[in-house]
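Peer 1: So I've got this file, final.cif, and it contains mmCIF, C-alpha atoms:
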data_protein
#
loop_
_atom_site.label_atom_id
_atom_site.label_comp_id
_atom_site.auth_asym_id
_atom_site.auth_seq_id
_atom_site.Cartn_x
_atom_site.Cartn_y
_atom_site.Cartn_z
CA HIS A 15 0.00 0.00 0.00
CA THR A 16 2.84 2.39 0.76
CA LEU A 17 4.49 1.69 -2.58
CA VAL A 18 1.26 2.21 -4.56
CA ALA A 19 0.31 5.33 -2.60
CA ASN A 20 3.70 6.94 -3.31
CA TYR A 21 4.55 5.22 -6.57
CA PRO A 22 7.29 5.12 -7.71
CA VAL A 23 9.04 7.76 -5.59
CA ILE A 24 9.10 5.84 -2.30
CA GLY A 25 10.85 2.91 -3.99
CA LEU A 26 13.60 5.23 -5.19
CA LYS A 27 14.46 6.20 -1.63
CA THR A 28 16.73 4.19 0.65
CA VAL A 29 15.59 0.96 2.28
CA ALA A 30 15.54 2.79 5.61
CA ASP A 31 13.29 5.56 4.27
CA PHE A 32 10.96 3.01 2.63
CA SER A 33 10.71 0.92 5.79
CA GLN A 34 10.03 4.00 7.95
CA ALA A 35 7.24 5.15 5.63
CA ALA A 36 5.68 1.69 5.62
CA GLY A 37 6.08 1.19 9.36
CA VAL A 38 8.01 -2.07 8.95
CA SER A 39 11.62 -3.19 9.32
CA SER A 40 14.28 -2.92 6.61
CA PRO A 41 14.51 -6.73 6.27
CA THR A 42 10.74 -6.78 5.59
CA ILE A 43 11.27 -4.37 2.68
CA LEU A 44 14.05 -6.56 1.28
CA ARG A 45 11.86 -9.67 1.54
CA PHE A 46 9.04 -7.78 -0.18
CA VAL A 47 11.37 -6.82 -3.03
CA ALA A 48 12.53 -10.43 -3.33
CA ARG A 49 8.90 -11.61 -3.58
CA LEU A 50 8.44 -9.21 -6.48
CA GLY A 51 11.17 -11.16 -8.28
CA PHE A 52 14.20 -8.91 -7.84
CA GLN A 53 17.60 -10.18 -6.76
CA ASN A 54 18.35 -7.10 -4.67
CA TYR A 55 17.19 -3.58 -3.87
CA PRO A 56 19.31 -1.81 -6.54
CA GLU A 57 17.76 -4.05 -9.21
CA PHE A 58 14.29 -3.11 -7.90
CA GLN A 59 15.20 0.60 -8.04
CA GLY A 60 16.56 0.19 -11.57
CA ALA A 61 13.22 -1.23 -12.69
CA LEU A 62 11.39 1.71 -11.07
CA GLN A 63 13.69 4.17 -12.82
CA ASP A 64 12.93 2.49 -16.15
CA GLU A 65 9.19 2.71 -15.42
CA LEU A 66 9.48 6.37 -14.45
CA ALA A 67 11.29 7.10 -17.71
CA ALA A 68 8.51 5.30 -19.60
CA GLN A 69 5.84 7.32 -17.76
CA LEU A 70 7.43 10.57 -18.90
CA GLN A 71 7.78 9.62 -22.55
CA SER A 72 5.94 11.83 -25.02
CA PRO A 73 4.63 10.77 -28.44
CA LEU A 74 7.57 12.73 -29.89
CA SER A 75 10.17 10.68 -28.00
CA ARG A 76 8.40 7.43 -28.82
CA GLY A 77 8.15 8.47 -32.47
CA THR A 78 11.92 8.92 -32.72
CA ALA A 79 12.71 5.59 -31.03
CA PRO A 80 13.91 2.73 -33.27
CA ARG A 81 10.96 0.98 -34.89
CA PRO A 82 10.75 -2.82 -34.97
CA ALA A 83 11.22 -4.47 -38.33
CA SER A 84 8.06 -5.27 -40.23
CA GLY A 85 6.54 -8.44 -38.84
CA ASP A 86 8.40 -8.27 -35.51
CA ALA A 87 5.58 -6.59 -33.56
CA PRO A 88 2.79 -5.37 -35.84
CA MET A 89 0.00 -3.33 -34.33
CA LEU A 90 -2.62 -6.07 -34.41
CA GLU A 91 -0.45 -8.59 -32.57
CA ALA A 92 0.60 -5.96 -30.05
CA VAL A 93 -3.00 -4.99 -29.30
CA ILE A 94 -4.04 -8.65 -28.92
CA ASP A 95 -1.09 -9.23 -26.58
CA ASN A 96 -2.16 -6.17 -24.59
CA LEU A 97 -5.66 -7.57 -24.22
CA ARG A 98 -4.38 -10.95 -23.04
CA GLU A 99 -1.96 -9.37 -20.57
CA THR A 100 -4.58 -6.95 -19.26
CA PHE A 101 -7.08 -9.70 -18.50
CA ARG A 102 -4.35 -11.85 -16.98
CA HIS A 103 -4.20 -9.23 -14.22
CA VAL A 104 -7.86 -8.15 -14.10
CA SER A 105 -9.94 -10.85 -12.42
CA GLN A 106 -13.65 -11.49 -12.81
CA LYS A 107 -13.84 -11.01 -9.04
CA GLN A 108 -12.55 -7.45 -9.35
CA ILE A 109 -14.90 -6.68 -12.25
CA GLY A 110 -17.76 -8.05 -10.14
CA GLU A 111 -16.80 -5.91 -7.15
CA ILE A 112 -16.66 -2.76 -9.30
CA ALA A 113 -20.00 -3.65 -10.89
CA SER A 114 -21.48 -4.03 -7.38
CA LEU A 115 -20.28 -0.53 -6.47
CA ILE A 116 -21.89 0.92 -9.60
CA ALA A 117 -25.09 -1.10 -9.10
CA ASN A 118 -25.80 0.47 -5.70
CA PRO A 119 -29.15 2.24 -6.28
CA ARG A 120 -28.33 4.87 -3.65
CA ALA A 121 -25.10 5.88 -5.41
CA LYS A 122 -24.58 8.48 -8.08
CA ILE A 123 -22.02 7.47 -10.72
CA PHE A 124 -19.58 10.00 -12.18
CA LEU A 125 -17.19 9.30 -15.07
CA ALA A 126 -14.25 11.40 -16.29
CA GLY A 127 -11.27 10.96 -18.55
CA GLY A 128 -8.26 12.78 -19.88
CA ARG A 129 -7.40 14.19 -23.27
CA PHE A 130 -7.33 10.79 -24.98
CA THR A 131 -9.30 8.68 -22.50
CA ASP A 132 -12.41 10.83 -22.13
CA PRO A 133 -14.05 9.05 -25.12
CA ILE A 134 -13.92 5.83 -23.07
CA ALA A 135 -15.58 7.59 -20.11
CA ARG A 136 -18.25 9.02 -22.41
CA TYR A 137 -18.80 5.62 -24.06
CA ALA A 138 -19.18 3.87 -20.69
CA ALA A 139 -21.48 6.60 -19.35
CA ALA A 140 -23.75 6.33 -22.41
CA HIS A 141 -24.31 2.64 -21.70
CA MET A 142 -24.55 2.93 -17.92
CA SER A 143 -27.14 5.71 -18.14
CA ILE A 144 -29.41 3.27 -19.99
CA ILE A 145 -28.82 0.54 -17.41
CA ARG A 146 -29.41 2.71 -14.33
CA PRO A 147 -30.27 6.30 -13.33
CA ASP A 148 -27.97 8.97 -11.88
CA VAL A 149 -25.01 8.45 -14.22
CA PHE A 150 -23.07 11.62 -15.09
CA HIS A 151 -20.26 12.09 -17.59
CA LEU A 152 -18.05 15.00 -16.50
CA ALA A 153 -17.36 16.78 -19.76
CA GLY A 154 -16.44 20.28 -20.80
CA GLN A 155 -14.24 22.68 -18.89
CA GLU A 156 -12.43 21.43 -15.81
CA SER A 157 -14.05 24.12 -13.66
CA HIS A 158 -17.38 22.39 -14.33
CA TRP A 159 -15.98 19.16 -12.85
CA ARG A 160 -15.11 20.93 -9.62
CA ASP A 161 -18.61 22.37 -9.44
CA ARG A 162 -19.98 18.81 -9.42
CA LEU A 163 -18.01 17.98 -6.28
CA VAL A 164 -20.75 19.59 -4.21
CA ASP A 165 -23.11 16.81 -5.37
CA MET A 166 -20.68 13.99 -4.55
CA GLY A 167 -20.60 12.09 -1.27
CA LYS A 168 -19.62 8.85 0.45
CA ARG A 169 -22.18 6.70 -1.35
CA ASP A 170 -21.07 7.83 -4.79
CA VAL A 171 -18.60 6.31 -7.23
CA LEU A 172 -16.12 8.11 -9.49
CA LEU A 173 -14.73 6.23 -12.49
CA ILE A 174 -11.60 7.87 -13.91
CA PHE A 175 -9.67 6.93 -17.05
CA ASP A 176 -6.09 8.25 -17.05
CA ILE A 177 -3.04 7.04 -19.01
CA ARG A 178 0.42 8.53 -19.51
CA ARG A 179 1.26 11.40 -19.66
CA TYR A 180 -1.08 11.70 -16.70
CA GLN A 181 -3.40 14.68 -16.46
CA GLU A 182 -2.78 16.92 -13.47
CA SER A 183 -6.36 18.21 -13.41
CA LEU A 184 -7.70 14.65 -13.02
CA LEU A 185 -5.34 14.06 -10.11
CA HIS A 186 -6.52 17.20 -8.31
CA PHE A 187 -10.15 16.29 -8.96
CA ALA A 188 -9.67 12.74 -7.65
CA GLU A 189 -7.97 14.09 -4.55
CA LYS A 190 -10.87 16.45 -3.82
CA ALA A 191 -13.39 13.65 -4.42
CA ASN A 192 -11.42 11.40 -2.07
CA GLN A 193 -11.60 14.07 0.63
CA ARG A 194 -15.40 13.94 0.31
CA GLY A 195 -15.37 10.15 0.76
CA VAL A 196 -16.20 9.31 -2.85
CA GLN A 197 -15.19 5.79 -3.89
CA THR A 198 -12.82 6.06 -6.86
CA VAL A 199 -12.22 3.41 -9.50
CA LEU A 200 -9.16 4.10 -11.66
CA PHE A 201 -8.62 2.72 -15.16
CA THR A 202 -5.01 3.36 -16.10
CA ASP A 203 -1.97 1.86 -17.80
CA GLN A 204 0.77 -0.47 -16.57
CA TRP A 205 2.78 2.47 -15.22
CA LEU A 206 -0.07 3.55 -12.90
CA SER A 207 -1.51 7.04 -12.78
CA PRO A 208 -0.78 8.82 -9.46
CA ILE A 209 -4.55 8.74 -8.92
CA ALA A 210 -3.94 5.16 -7.75
CA ARG A 211 -3.19 6.50 -4.27
CA PHE A 212 -6.84 7.59 -3.95
CA ALA A 213 -8.49 4.63 -5.69
CA ARG A 214 -10.42 1.80 -4.10
CA HIS A 215 -9.95 -0.24 -7.27
CA VAL A 216 -7.17 0.09 -9.86
CA VAL A 217 -7.49 -1.58 -13.26
CA ALA A 218 -4.21 -1.39 -15.16
CA GLY A 219 -4.63 -2.01 -18.87
CA ARG A 220 -1.69 -2.62 -21.17
CA THR A 221 -1.31 0.22 -23.66
CA SER A 222 2.15 0.05 -25.22
CA VAL A 223 2.26 -0.66 -28.97
CA PRO A 224 4.84 -0.16 -31.76
CA SER A 225 3.71 3.41 -32.37
CA ALA A 226 4.38 6.94 -31.21
CA TRP A 227 0.96 6.70 -29.50
CA ASP A 228 -0.35 4.40 -26.79
CA SER A 229 -3.34 2.19 -27.52
CA SER A 230 -6.52 2.46 -25.44
CA ALA A 231 -8.03 -0.72 -26.93
CA SER A 232 -7.57 -2.76 -23.75
CA LEU A 233 -9.33 -0.11 -21.65
CA PHE A 234 -12.24 -0.01 -24.08
CA VAL A 235 -12.62 -3.79 -23.72
CA VAL A 236 -12.37 -3.50 -19.93
CA ALA A 237 -15.13 -0.86 -20.05
CA GLU A 238 -17.31 -3.12 -22.19
CA THR A 239 -16.68 -6.04 -19.83
CA LEU A 240 -17.76 -3.87 -16.90
CA ILE A 241 -20.86 -2.71 -18.79
CA GLY A 242 -21.80 -6.35 -19.40
CA ALA A 243 -21.25 -7.25 -15.74
CA LEU A 244 -23.36 -4.30 -14.60
CA THR A 245 -26.17 -5.23 -17.01
CA ALA A 246 -26.18 -8.79 -15.66
CA LYS A 247 -26.16 -7.58 -12.05
CA LEU A 248 -29.10 -5.23 -12.70
CA GLU A 249 -30.82 -7.57 -15.14
CA ALA A 250 -34.40 -7.01 -13.96
CA GLU A 251 -33.99 -3.30 -13.24
CA SER A 252 -32.21 -2.58 -16.52
CA ALA A 253 -34.79 -4.51 -18.54
CA THR A 254 -37.62 -2.50 -16.96
CA ARG A 255 -35.74 0.75 -17.52
CA MET A 256 -34.96 -0.04 -21.16
CA ALA A 257 -38.57 -1.08 -21.81
CA GLU A 258 -39.77 2.24 -20.40
CA MET A 259 -37.28 4.08 -22.59
CA GLU A 260 -38.59 2.29 -25.66
CA ARG A 261 -42.17 3.25 -24.78
CA LEU A 262 -41.10 6.88 -24.53
CA ARG A 263 -39.47 6.97 -27.97
#
Starting from the file, lay out its structure as structure tokens.
Peer 2:
Amino acid sequence: HTLVANYPVIGLKTVADFSQAAGVSSPTILRFVARLGFQNYPEFQGALQDELAAQLQSPLSRGTAPRPASGDAPMLEAVIDNLRETFRHVSQKQIGEIASLIANPRAKIFLAGGRFTDPIARYAAAHMSIIRPDVFHLAGQESHWRDRLVDMGKRDVLLIFDIRRYQESLLHFAEKANQRGVQTVLFTDQWLSPIARFARHVVAGRTSVPSAWDSSASLFVVAETLIGALTAKLEAESATRMAEMERLR
């Protein structure tokens, strides 16, 4: 929990600093690192430094990196690999738990995304608003998001989509929502948005492809999987709601 809440900075500090922050002994930190598969603490820190460098990459820097030869890692194979790897780490149990949060009839559901991930939030909100009431996509200017905080409380759920390079405004918004007791579900990439420190659930999709741009395909499929789970959980309620909608057309 300490590592995720301060990721990756706390892991770049000394073993003594890490152990003090976590409230455990230095040998416990070293055993933890070993369980993660590293031979020693410097190797662990080297991996964190590589991840931090990857987090900070821009499309420009990725565009100037050496490209794989044709056939080595084409886009289609890379996206399929991303899907497999994403769902190797995202369990049906976790999807079910998130669906249960969203299915709570007393909760309001808010969805937001960044510059490239907001279309996923909007897509998910469009489906969820058919399945259940009180679903709100936070669009438009960021000042409008902050105005919605007054309507958010401990029963409510905030779904945020954020991939590298992470959006500062989303982080500030998630922090304010957390202070109001809102339950946050984060959909991010393998490098983890800093919003993870405020999230009850973190779903890390794989996004890296042989391109200057990351792929959001895995997060779209995660969103569709969640929509399906929510529909099944609210089967009777959603059927009644959709039938009423059809009568009103």
Peer 1: If we count all atoms listed in the file and set the cut-off at 9 Å, which residues sit around segment 217-220 of chain A, ignoring sequence neighbours fewer than 6 positions away in its own chain? Please answer as an mmCIF file with C-alpha atoms, keeping the file's coordinate frame.
Peer 2:
data_model
loop_
_atom_site.group_PDB
_atom_site.id
_atom_site.type_symbol
_atom_site.label_atom_id
_atom_site.label_comp_id
_atom_site.auth_asym_id
_atom_site.auth_seq_id
_atom_site.Cartn_x
_atom_site.Cartn_y
_atom_site.Cartn_z
ATOM 1 C CA VAL A 93 -3.000 -4.990 -29.300
ATOM 2 C CA ASP A 95 -1.090 -9.230 -26.580
ATOM 3 C CA ASN A 96 -2.160 -6.170 -24.590
ATOM 4 C CA LEU A 97 -5.660 -7.570 -24.220
ATOM 5 C CA ARG A 98 -4.380 -10.950 -23.040
ATOM 6 C CA GLU A 99 -1.960 -9.370 -20.570
ATOM 7 C CA THR A 100 -4.580 -6.950 -19.260
ATOM 8 C CA PHE A 101 -7.080 -9.700 -18.500
ATOM 9 C CA HIS A 103 -4.200 -9.230 -14.220
ATOM 10 C CA VAL A 104 -7.860 -8.150 -14.100
ATOM 11 C CA GLN A 108 -12.550 -7.450 -9.350
ATOM 12 C CA VAL A 199 -12.220 3.410 -9.500
ATOM 13 C CA LEU A 200 -9.160 4.100 -11.660
ATOM 14 C CA PHE A 201 -8.620 2.720 -15.160
ATOM 15 C CA THR A 202 -5.010 3.360 -16.100
ATOM 16 C CA ASP A 203 -1.970 1.860 -17.800
ATOM 17 C CA GLN A 204 0.770 -0.470 -16.570
ATOM 18 C CA TRP A 205 2.780 2.470 -15.220
ATOM 19 C CA LEU A 206 -0.070 3.550 -12.900
ATOM 20 C CA SER A 229 -3.340 2.190 -27.520
ATOM 21 C CA SER A 230 -6.520 2.460 -25.440
ATOM 22 C CA ALA A 231 -8.030 -0.720 -26.930
ATOM 23 C CA SER A 232 -7.570 -2.760 -23.750
ATOM 24 C CA LEU A 233 -9.330 -0.110 -21.650
ATOM 25 C CA VAL A 236 -12.370 -3.500 -19.930
#
Peer 1: Residues near Pro147 of chain A, anyone? I mean within 10 Å using all atoms listed in the file, not counting same-chain ones fewer than 2 positions away, as a ChimeraX atom specification.
Peer 2: /A:117,119-123,142-145,149-150,252,255
Peer 1: Can you tell me which residues surround segment 57-69 of chain A at a distance of at most 8 Å, considering only C-alpha atoms, apart from same-chain residues fewer than 6 positions away, and format the answer as a compact mmCIF listing (two decimals) with C-alpha atoms, in the frame of the given file?
Peer 2:
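result.txt written:
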# COMPACT_ATOMS: atom_id res chain seq x y z
CA PRO A 22 7.29 5.12 -7.71
CA GLY A 25 10.85 2.91 -3.99
CA LEU A 26 13.60 5.23 -5.19
CA VAL A 47 11.37 -6.82 -3.03
CA ARG A 178 0.42 8.53 -19.51
CA ARG A 179 1.26 11.40 -19.66
CA TRP A 205 2.78 2.47 -15.22
Peer 1: For the file shown, what are the residues hit by the PyMOL selection byres ((chain A and resi 157-167) around 7), laid out as a PDB file with C-alpha atoms, in the frame of the given file?
Peer 2:
ATOM      1  CA  LEU A 152     -18.050  15.000 -16.500  1.00  0.00           C
ATOM      2  CA  GLY A 154     -16.440  20.280 -20.800  1.00  0.00           C
ATOM      3  CA  GLN A 155     -14.240  22.680 -18.890  1.00  0.00           C
ATOM      4  CA  GLU A 156     -12.430  21.430 -15.810  1.00  0.00           C
ATOM      5  CA  LYS A 168     -19.620   8.850   0.450  1.00  0.00           C
ATOM      6  CA  ARG A 169     -22.180   6.700  -1.350  1.00  0.00           C
ATOM      7  CA  ASP A 170     -21.070   7.830  -4.790  1.00  0.00           C
ATOM      8  CA  PHE A 187     -10.150  16.290  -8.960  1.00  0.00           C
ATOM      9  CA  ALA A 191     -13.390  13.650  -4.420  1.00  0.00           C
ATOM     10  CA  ARG A 194     -15.400  13.940   0.310  1.00  0.00           C
ATOM     11  CA  GLY A 195     -15.370  10.150   0.760  1.00  0.00           C
ATOM     12  CA  VAL A 196     -16.200   9.310  -2.850  1.00  0.00           C
TER      13      VAL A 196
END
Peer 1: Taking all atoms listed in the file into account, which of A:Ile174, A:Leu50, A:Leu90, A:Ala113 comes nearest Ile209 of chain A?
Peer 2: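 That would be A:Ile174, the residue with the smallest distance to Ile209 of chain A.
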Peer 1: Apply the PyMOL selection byres ((chain A and resi 16) around 9) to the displayed file and report the matching residues as a PyMOL selection string.
Peer 2: chain A and resi 15+17-21+24+32+35-36+211
Peer 1: In Å, with one decimal, what is the gap from atom CA of Ile112 of chain A to atom CA of Phe124 of chain A?
Peer 2: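 One can read the atom CA of Ile112 of chain A to atom CA of Phe124 of chain A distance as 13.4 Å.
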Peer 1: I'd like to know which of A:Ala139, A:Ala30, A:Ala126, A:Leu185 is closest to Leu173 of chain A, using all atoms listed in the file.
Peer 2: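 Nearest to Leu173 of chain A: A:Ala126.
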Peer 1: Taking all atoms listed in the file into account, which of A:Ser207, A:Leu184, A:Glu189, A:His141 comes nearest Glu238 of chain A?
Peer 2: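 Once distances to Glu238 of chain A are computed over all atoms listed in the file, the minimum belongs to A:His141.
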Peer 1: List the residues selected by the PyMOL selection byres ((chain A and resi 29) around 8) in the file shown, writing them as a ChimeraX atom specification.
Peer 2: /A:27-28,30-33,40,43-44,55
Peer 1: With all atoms listed in the file as the basis for distance, which of A:Leu115, A:Lys190, A:Asp228, A:Val38 is at the shortest distance from Phe130 of chain A?
Peer 2: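 Smallest separation from Phe130 of chain A among the options: A:Asp228.
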